[in-house]
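Printed here is target27.txt (compact mmCIF, C-alpha atoms):
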```txt
# COMPACT_ATOMS: atom_id res chain seq x y z
CA MET A 73 22.88 45.30 -15.35
CA THR A 74 25.79 43.56 -16.99
CA ALA A 75 28.95 42.46 -15.25
CA THR A 76 31.17 44.20 -17.73
CA PRO A 77 34.32 45.51 -15.98
CA GLU A 78 34.83 49.24 -15.68
CA THR A 79 37.53 49.18 -18.38
CA THR A 80 37.75 46.44 -20.99
CA SER A 81 39.96 48.29 -23.44
CA GLN A 82 43.60 47.35 -23.20
CA LYS A 83 44.97 49.72 -25.82
CA THR A 84 44.01 53.21 -26.95
CA THR A 85 45.42 54.61 -30.19
CA LYS A 86 44.73 57.97 -31.78
CA LEU A 87 44.51 57.79 -35.58
CA ALA A 88 44.55 60.48 -38.26
CA ILE A 89 42.93 59.21 -41.46
CA PRO A 90 43.74 61.33 -44.54
CA HIS A 91 40.57 62.67 -46.12
CA PRO A 92 40.60 62.10 -49.90
CA HIS A 93 37.91 64.72 -50.51
CA GLU A 94 39.16 67.58 -48.29
CA THR A 95 42.52 69.27 -48.84
CA ASP A 96 44.92 69.16 -45.89
CA CYS A 97 42.39 67.37 -43.73
CA SER A 98 42.57 64.18 -41.70
CA ILE A 99 39.74 62.59 -39.75
CA VAL A 100 40.98 62.26 -36.19
CA GLY A 101 39.66 59.41 -34.09
CA VAL A 102 40.44 57.01 -31.28
CA LEU A 103 40.75 53.26 -31.72
CA GLU A 104 40.04 51.15 -28.64
CA GLN A 105 41.26 47.55 -28.76
CA VAL A 106 40.18 44.94 -26.23
CA ALA A 107 42.81 42.44 -27.38
CA PRO A 108 45.64 44.43 -29.01
CA GLU A 109 47.90 41.38 -29.22
CA GLN A 110 45.50 39.80 -31.71
CA PRO A 111 45.42 40.73 -35.42
CA THR A 112 42.67 43.10 -36.53
CA GLN A 113 42.00 41.15 -39.72
CA GLY A 114 38.46 39.84 -39.51
CA ARG A 115 37.79 41.34 -36.07
CA ARG A 116 34.46 43.06 -35.44
CA ILE A 117 34.39 46.73 -34.55
CA ALA A 118 31.84 49.27 -33.33
CA LEU A 119 31.65 52.86 -34.58
CA ILE A 120 30.56 55.66 -32.22
CA LEU A 121 29.24 58.82 -33.91
CA HIS A 122 28.80 62.18 -32.17
CA GLY A 123 26.09 64.76 -32.72
CA ALA A 124 26.04 68.42 -33.79
CA LEU A 125 28.59 70.65 -32.05
CA GLY A 126 29.98 67.58 -30.33
CA HIS A 127 33.14 65.54 -30.52
CA LYS A 128 34.41 61.99 -30.10
CA ASP A 129 34.88 62.16 -26.31
CA TYR A 130 31.85 64.08 -25.10
CA LEU A 131 28.78 62.87 -23.25
CA PHE A 132 28.74 59.05 -23.03
CA GLN A 133 30.98 58.28 -26.03
CA LYS A 134 34.33 57.67 -24.37
CA ARG A 135 32.81 55.91 -21.37
CA LEU A 136 30.90 53.57 -23.64
CA ALA A 137 33.99 52.87 -25.77
CA LEU A 138 35.94 51.82 -22.68
CA ARG A 139 33.18 49.41 -21.61
CA LEU A 140 32.31 47.74 -24.92
CA PRO A 141 33.22 44.06 -25.26
CA LEU A 142 34.57 44.65 -28.76
CA ASP A 143 36.98 47.05 -30.45
CA SER A 144 35.60 50.50 -31.26
CA PHE A 145 36.45 53.65 -33.17
CA ARG A 146 35.08 57.09 -32.38
CA PHE A 147 36.01 60.17 -34.40
CA ASP A 148 35.34 63.83 -35.07
CA PHE A 149 33.38 64.70 -38.20
CA ARG A 150 34.75 67.44 -40.46
CA GLY A 151 34.71 70.88 -38.86
CA ASN A 152 34.46 69.44 -35.36
CA HIS A 153 37.16 69.50 -32.67
CA GLU A 154 40.36 67.88 -34.03
CA THR A 155 39.19 67.17 -37.57
CA GLY A 156 39.75 70.05 -39.98
CA GLY A 157 37.53 71.36 -42.73
CA PRO A 158 34.50 73.66 -42.62
CA TRP A 159 31.62 73.21 -40.19
CA HIS A 160 28.10 73.11 -41.59
CA PHE A 161 24.69 73.01 -39.94
CA GLY A 162 23.28 71.18 -42.94
CA ARG A 163 25.14 69.06 -45.50
CA PHE A 164 24.54 65.68 -43.90
CA GLY A 165 25.97 64.21 -47.08
CA ASP A 166 29.41 65.45 -46.03
CA ASP A 167 29.13 63.48 -42.79
CA VAL A 168 28.11 60.38 -44.70
CA VAL A 169 31.24 60.81 -46.83
CA ASP A 170 33.34 61.11 -43.65
CA LEU A 171 31.84 57.87 -42.42
CA GLU A 172 32.61 56.23 -45.75
CA VAL A 173 36.24 57.33 -45.46
CA VAL A 174 36.47 55.88 -41.95
CA VAL A 175 34.87 52.58 -42.96
CA GLU A 176 37.14 52.30 -45.99
CA TYR A 177 40.23 52.77 -43.83
CA LEU A 178 39.18 50.40 -41.06
CA THR A 179 38.13 47.64 -43.44
CA ARG A 180 40.77 47.97 -46.16
CA GLU A 181 43.82 49.01 -44.13
CA LEU A 182 43.16 47.22 -40.85
CA GLY A 183 40.90 44.40 -41.96
CA TYR A 184 38.07 45.19 -39.54
CA VAL A 185 34.46 44.11 -40.04
CA ILE A 186 31.90 46.79 -39.18
CA ASP A 187 29.63 45.15 -36.60
CA ALA A 188 27.83 47.90 -34.68
CA ILE A 189 27.10 51.62 -34.89
CA VAL A 190 26.11 53.87 -31.98
CA GLY A 191 24.95 57.32 -33.05
CA HIS A 192 23.84 60.30 -30.99
CA SER A 193 21.44 62.84 -32.50
CA ARG A 194 22.91 63.99 -35.83
CA GLY A 195 25.33 61.07 -35.72
CA SER A 196 22.39 58.68 -35.54
CA VAL A 197 20.83 60.18 -38.66
CA VAL A 198 24.18 59.96 -40.47
CA ALA A 199 24.40 56.31 -39.49
CA LEU A 200 20.98 55.41 -40.90
CA LEU A 201 21.71 57.30 -44.13
CA TRP A 202 24.98 55.38 -44.51
CA MET A 203 23.38 52.01 -43.78
CA CYS A 204 20.62 52.63 -46.31
CA LYS A 205 23.11 53.77 -48.95
CA HIS A 206 25.42 50.80 -48.41
CA ARG A 207 22.86 48.14 -47.50
CA ASP A 208 24.19 45.89 -50.29
CA GLY A 209 27.83 46.65 -49.49
CA ALA A 210 29.70 47.62 -46.35
CA ALA A 211 26.55 47.73 -44.20
CA LYS A 212 25.81 44.04 -44.82
CA THR A 213 28.11 43.12 -41.92
CA VAL A 214 26.42 45.48 -39.43
CA ARG A 215 24.43 43.46 -36.88
CA ARG A 216 23.36 46.15 -34.42
CA TYR A 217 22.63 49.86 -34.35
CA VAL A 218 21.92 52.12 -31.38
CA ASN A 219 19.87 55.24 -32.08
CA VAL A 220 20.35 57.74 -29.25
CA ALA A 221 18.05 60.78 -29.44
CA GLY A 222 17.89 60.59 -33.21
CA ARG A 223 15.65 62.99 -35.10
CA TYR A 224 13.13 61.65 -37.61
CA ARG A 225 11.17 64.80 -38.47
CA MET A 226 13.90 67.04 -39.79
CA GLU A 227 11.99 70.31 -39.58
CA VAL A 228 14.03 72.91 -37.74
CA HIS A 229 12.02 74.21 -34.83
CA ASP A 230 14.18 77.19 -33.90
CA LEU A 231 14.09 78.91 -37.29
CA GLU A 232 11.28 81.28 -36.31
CA GLU A 233 13.00 82.47 -33.15
CA HIS A 234 16.12 83.29 -35.19
CA ARG A 235 14.32 84.71 -38.23
CA GLU A 236 14.99 88.35 -37.32
CA GLU A 237 18.71 87.68 -36.93
CA LEU A 238 18.75 85.67 -40.15
CA GLU A 239 17.02 88.38 -42.14
CA SER A 240 19.04 91.27 -40.70
CA GLN A 241 22.55 89.83 -41.21
CA GLY A 242 21.99 86.90 -43.54
CA TYR A 243 22.95 84.20 -41.06
CA VAL A 244 22.49 82.99 -37.49
CA LEU A 245 25.59 82.92 -35.33
CA ARG A 246 25.68 79.71 -33.31
CA LYS A 247 27.98 79.78 -30.27
CA ALA A 248 28.98 76.83 -28.14
CA ILE A 249 31.75 75.38 -26.02
CA VAL A 250 33.24 72.33 -27.73
CA ALA A 251 35.93 70.34 -25.91
CA ARG A 252 36.30 73.24 -23.46
CA LYS A 253 36.98 75.70 -26.27
CA PRO A 254 34.67 78.45 -27.60
CA PHE A 255 33.16 77.73 -31.01
CA GLU A 256 31.26 79.97 -33.43
CA GLY A 257 29.52 78.80 -36.57
CA LYS A 258 27.35 80.60 -39.10
CA ILE A 259 24.03 79.11 -40.19
CA TYR A 260 22.60 80.41 -43.45
CA ARG A 261 19.07 80.03 -44.78
CA GLU A 262 20.22 77.35 -47.21
CA ASP A 263 21.62 75.41 -44.25
CA TYR A 264 18.20 75.33 -42.62
CA ASP A 265 16.63 74.25 -45.89
CA ASP A 266 19.26 71.55 -46.40
CA PHE A 267 18.79 70.27 -42.86
CA ALA A 268 15.02 70.04 -43.28
CA SER A 269 15.35 68.21 -46.60
CA VAL A 270 17.17 65.17 -45.19
CA ALA A 271 15.04 62.19 -46.18
CA THR A 272 14.93 60.00 -43.09
CA SER A 273 11.82 58.33 -44.55
CA ILE A 274 14.09 56.18 -46.73
CA ILE A 275 14.38 53.78 -43.80
CA TRP A 276 10.85 52.56 -44.53
CA ASP A 277 12.12 50.80 -47.66
CA GLN A 278 15.91 50.87 -47.60
CA PHE A 279 17.08 50.19 -44.06
CA PRO A 280 18.62 46.69 -43.83
CA SER A 281 16.06 44.22 -42.51
CA HIS A 282 18.59 42.12 -40.58
CA ILE A 283 19.94 44.78 -38.21
CA ASP A 284 18.79 44.84 -34.60
CA VAL A 285 18.06 48.38 -33.38
CA LEU A 286 17.97 49.92 -29.91
CA THR A 287 16.43 53.39 -29.58
CA LEU A 288 17.18 55.44 -26.45
CA HIS A 289 15.47 58.80 -25.91
CA GLY A 290 15.00 61.15 -22.98
CA LEU A 291 11.48 62.28 -22.17
CA LYS A 292 12.87 65.72 -21.26
CA ASP A 293 14.58 66.15 -24.62
CA ALA A 294 13.92 69.76 -25.70
CA VAL A 295 15.94 69.44 -28.94
CA VAL A 296 14.45 66.36 -30.60
CA PRO A 297 10.85 65.57 -29.62
CA PRO A 298 10.56 62.22 -27.80
CA TYR A 299 7.75 61.32 -30.19
CA ASP A 300 10.37 60.85 -32.91
CA ALA A 301 11.57 57.74 -31.05
CA PHE A 302 8.03 56.35 -31.26
CA ILE A 303 8.05 56.92 -35.03
CA TYR A 304 11.33 55.04 -35.30
CA ALA A 305 9.82 52.21 -33.23
CA ARG A 306 6.92 51.91 -35.68
CA ILE A 307 9.30 51.72 -38.64
CA TYR A 308 12.09 49.53 -37.30
CA GLY A 309 9.64 47.30 -35.45
CA ALA A 310 7.96 46.30 -38.71
CA ARG A 311 11.07 44.58 -40.05
CA SER A 312 12.14 40.97 -39.81
CA PRO A 313 14.36 39.27 -38.78
CA GLY A 314 15.82 42.47 -37.29
CA THR A 315 14.28 43.60 -34.01
CA HIS A 316 13.66 46.98 -32.42
CA THR A 317 13.78 47.85 -28.73
CA LEU A 318 12.51 51.21 -27.45
CA ARG A 319 13.69 52.66 -24.15
CA TYR A 320 12.54 56.04 -22.87
CA VAL A 321 14.46 57.63 -20.00
CA GLU A 322 12.15 59.68 -17.83
CA GLU A 323 14.55 62.35 -16.55
CA ALA A 324 16.99 62.53 -19.47
CA ASP A 325 17.46 65.53 -21.73
CA HIS A 326 18.85 65.46 -25.27
CA ASN A 327 22.44 64.89 -24.16
CA PHE A 328 21.61 62.60 -21.22
CA THR A 329 23.29 65.26 -19.11
CA GLY A 330 24.61 63.90 -15.83
CA MET A 331 23.44 60.38 -16.62
CA PRO A 332 25.77 58.78 -19.20
CA GLU A 333 25.15 55.39 -17.59
CA GLU A 334 21.57 55.61 -18.86
CA VAL A 335 23.13 55.03 -22.27
CA VAL A 336 26.12 52.85 -21.39
CA GLU A 337 24.39 50.25 -19.19
CA PRO A 338 21.39 49.63 -21.48
CA VAL A 339 23.66 49.33 -24.52
CA LEU A 340 25.83 46.74 -22.77
CA GLU A 341 22.79 44.78 -21.60
CA TRP A 342 21.19 44.93 -25.04
CA LEU A 343 24.38 43.70 -26.73
CA ALA A 344 24.53 40.78 -24.30
CA GLN A 345 20.88 39.95 -24.98
CA GLN A 346 21.57 39.90 -28.70
CA GLU A 347 24.53 37.57 -28.28
CA ARG A 348 22.24 35.20 -26.35
CA GLY A 349 19.56 35.41 -29.04
CA GLU A 350 17.04 36.92 -26.64
CA LEU A 351 16.02 40.10 -28.49
CA LYS A 352 12.36 40.64 -29.36
CA THR A 353 10.72 43.71 -30.82
CA GLY A 354 9.04 45.81 -28.15
CA VAL A 355 9.58 48.13 -25.22
CA TRP A 356 12.59 47.80 -22.91
CA HIS A 357 12.06 45.11 -20.25
CA THR A 358 8.63 44.17 -21.58
CA GLY A 359 7.02 41.68 -19.21
CA VAL A 360 9.54 42.22 -16.42
CA LYS A 361 7.29 42.69 -13.40
CA ASP A 362 9.58 42.69 -10.39
CA ILE A 363 11.53 45.90 -10.99
CA ASP A 364 12.63 48.18 -8.18
CA HIS A 365 12.15 51.47 -10.03
CA LYS A 366 14.24 53.29 -7.46
CA LYS A 367 17.21 51.18 -8.52
CA VAL A 368 16.69 51.26 -12.27
CA LEU A 369 18.53 54.55 -12.62
CA HIS A 370 16.04 56.89 -14.28
CA GLY A 371 14.72 54.50 -16.93
CA GLN A 372 11.11 54.55 -18.04
CA THR A 373 9.71 51.29 -19.35
CA SER A 374 6.42 52.45 -20.81
CA MET A 375 5.42 53.92 -24.14
CA LEU A 376 4.07 57.42 -24.62
```

Give the structure from the file, written as structure tokens.
Amino acid sequence: MTATPETTSQKTTKLAIPHPHETDCSIVGVLEQVAPEQPTQGRRIALILHGALGHKDYLFQKRLALRLPLDSFRFDFRGNHETGGPWHFGRFGDDVVDLEVVVEYLTRELGYVIDAIVGHSRGSVVALLWMCKHRDGAAKTVRRYVNVAGRYRMEVHDLEEHREELESQGYVLRKAIVARKPFEGKIYREDYDDFASVATSIIWDQFPSHIDVLTLHGLKDAVVPPYDAFIYARIYGARSPGTHTLRYVEEADHNFTGMPEEVVEPVLEWLAQQERGELKTGVWHTGVKDIDHKKVLHGQTSML
């Protein structure tokens, strides 16, 4: 484990970025600065992206932001928590636009350089779509990307169990508790179709070859099959000079419930390894023989 202190951030600022493509809407996020007395011009920053029915402070996001050795910005996508606008099950393109708005503000207004992206589930897919789209532009400065429980095969597995509800009333009512508040969203047939049509396969040809990637996935994930992480490993591992590291977590579910450190600690260690030039494509801790598995949290170091 790294020796990163429990809190490295020295200043927390909530920002509301006006959305140029959504009336009366601002993207609300939190900027963490490790050295607030220094100018932001030219400083590197990490972006932390939440998943479906999530928000900027749930799961491991806030804890990770407070431990990172660089500035970070985490925010709510449109229709989620503090950011206005409609919520959609599909329409990943809208999330990519939100990310574009955030990047434009951070780089143009504050002078930041986008260095790293950490995405969970849907947020991870949005990240890869953005990096492929802007591989010759804003994404050229990105050096590292963490894919937490990201889906590759976009087929929706719960459509059949909701088909009767969908056919009887024309939509599926999705209920959840988001930031301790009840949430209801309607999912229409076109939303399922749109979700399933997201072309994650573009990473075979369009994902930047220089970016180092860390994939974290729980073996008890009942939302996104753990095998999807193996597919990502095959794709990202074929690039050069960028590397790919795969880490399965034996007891983790989709949200790494009750074990946020299984995301935070490996990310911090991986970042430190990259800074030292030690990253190699493969499985987490490949070749490390003397591991006390009782003390390695719940991590699993072998492939499927």

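The smallest atom-to-atom distance between A:Glu239 and any of A:Ile283, A:Ile259, A:Met226, A:Met203, using all atoms listed in the file, is found for A:Ile259.
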
* Close residues, A:Glu347 itself excluded, 12 Å, all atoms listed in the file, min 6 positions apart in chain, as a ChimeraX atom specification -> /A:141,215-216,284,340-341

Could you give me, as a Markdown table, every stretch 169-276 of chain A residue with an atom at most 12 Å from stretch 324-333 of chain A, plus its closest atom pair and distance in Å to one decimal, counting all atoms listed in the file, rows ordered by chain then number?
```
| residue | atom | partner | partner_atom | distance |
| --- | --- | --- | --- | --- |
| A:Gly191 | CA | A:Asn327 | CA | 11.9 |
| A:His192 | CA | A:Asn327 | CA | 8.3 |
| A:Ser193 | CA | A:His326 | CA | 8.1 |
| A:Arg194 | CA | A:His326 | CA | 11.4 |
| A:Val220 | CA | A:His326 | CA | 8.8 |
| A:Ala221 | CA | A:His326 | CA | 6.3 |
| A:Gly222 | CA | A:His326 | CA | 9.4 |
| A:Arg223 | CA | A:His326 | CA | 10.6 |
```

**Prompt:** Can you list, as a ChimeraX atom specification, every protein, DNA or RNA residue that comes within 8 Å of stretch 148-156 of chain A when you count all atoms listed in the file, leaving out same-chain residues fewer than 5 positions away?
**Reply:** /A:96-101,121-122,125-128,166-167,170,250-251

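Atom pair atom CA of A:Arg163 / atom CA of A:Pro92 has a distance of 17.5 Å (rounded to one decimal).
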
A:His93 proximity check over A:Pro338, A:Gly162, A:Gly157, A:Gly257, using all atoms listed in the file: winner is A:Gly157

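Counting from atom CA of A:Glu350, the distance to atom CA of A:Thr315 is 10.3 Å.
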
A:Gly242 environment, 10 Å, all atoms listed in the file, sequence neighbours closer than 6 positions dropped, as a JSON list (two decimals) with C-alpha atoms, keeping the file's coordinate frame:
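Final output, result-v5.json:
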```json
[["chain", "number", "residue", "atom", "x", "y", "z"],
["A", 235, "ARG", "CA", 14.32, 84.71, -38.23],
["A", 236, "GLU", "CA", 14.99, 88.35, -37.32],
["A", 258, "LYS", "CA", 27.35, 80.60, -39.10],
["A", 259, "ILE", "CA", 24.03, 79.11, -40.19],
["A", 260, "TYR", "CA", 22.60, 80.41, -43.45],
["A", 261, "ARG", "CA", 19.07, 80.03, -44.78]]
```

* Fewer than 3 positions away in the same chain doesn't count, so skip those; otherwise give me all residues within 9 Å of A:Tyr224, counting only C-alpha atoms, as a ChimeraX atom specification. => /A:197,227,271-273,296,300-301,303-304

Separating atom CA of A:Leu87 from atom CA of A:Val335, to the nearest tenth of an Å, is a gap of 25.3 Å

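The closest residue to A:Ser269, picked from A:Gly314, A:Gly165, A:Pro158, A:Pro298 and counting all atoms listed in the file, is A:Gly165.
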
From (38.7, 47.9, -32.7), in the file's coordinates, out to 6 Å: which residues are reached, counting all atoms listed in the file? Answer as a ChimeraX atom specification.
/A:103-105,117,143-144
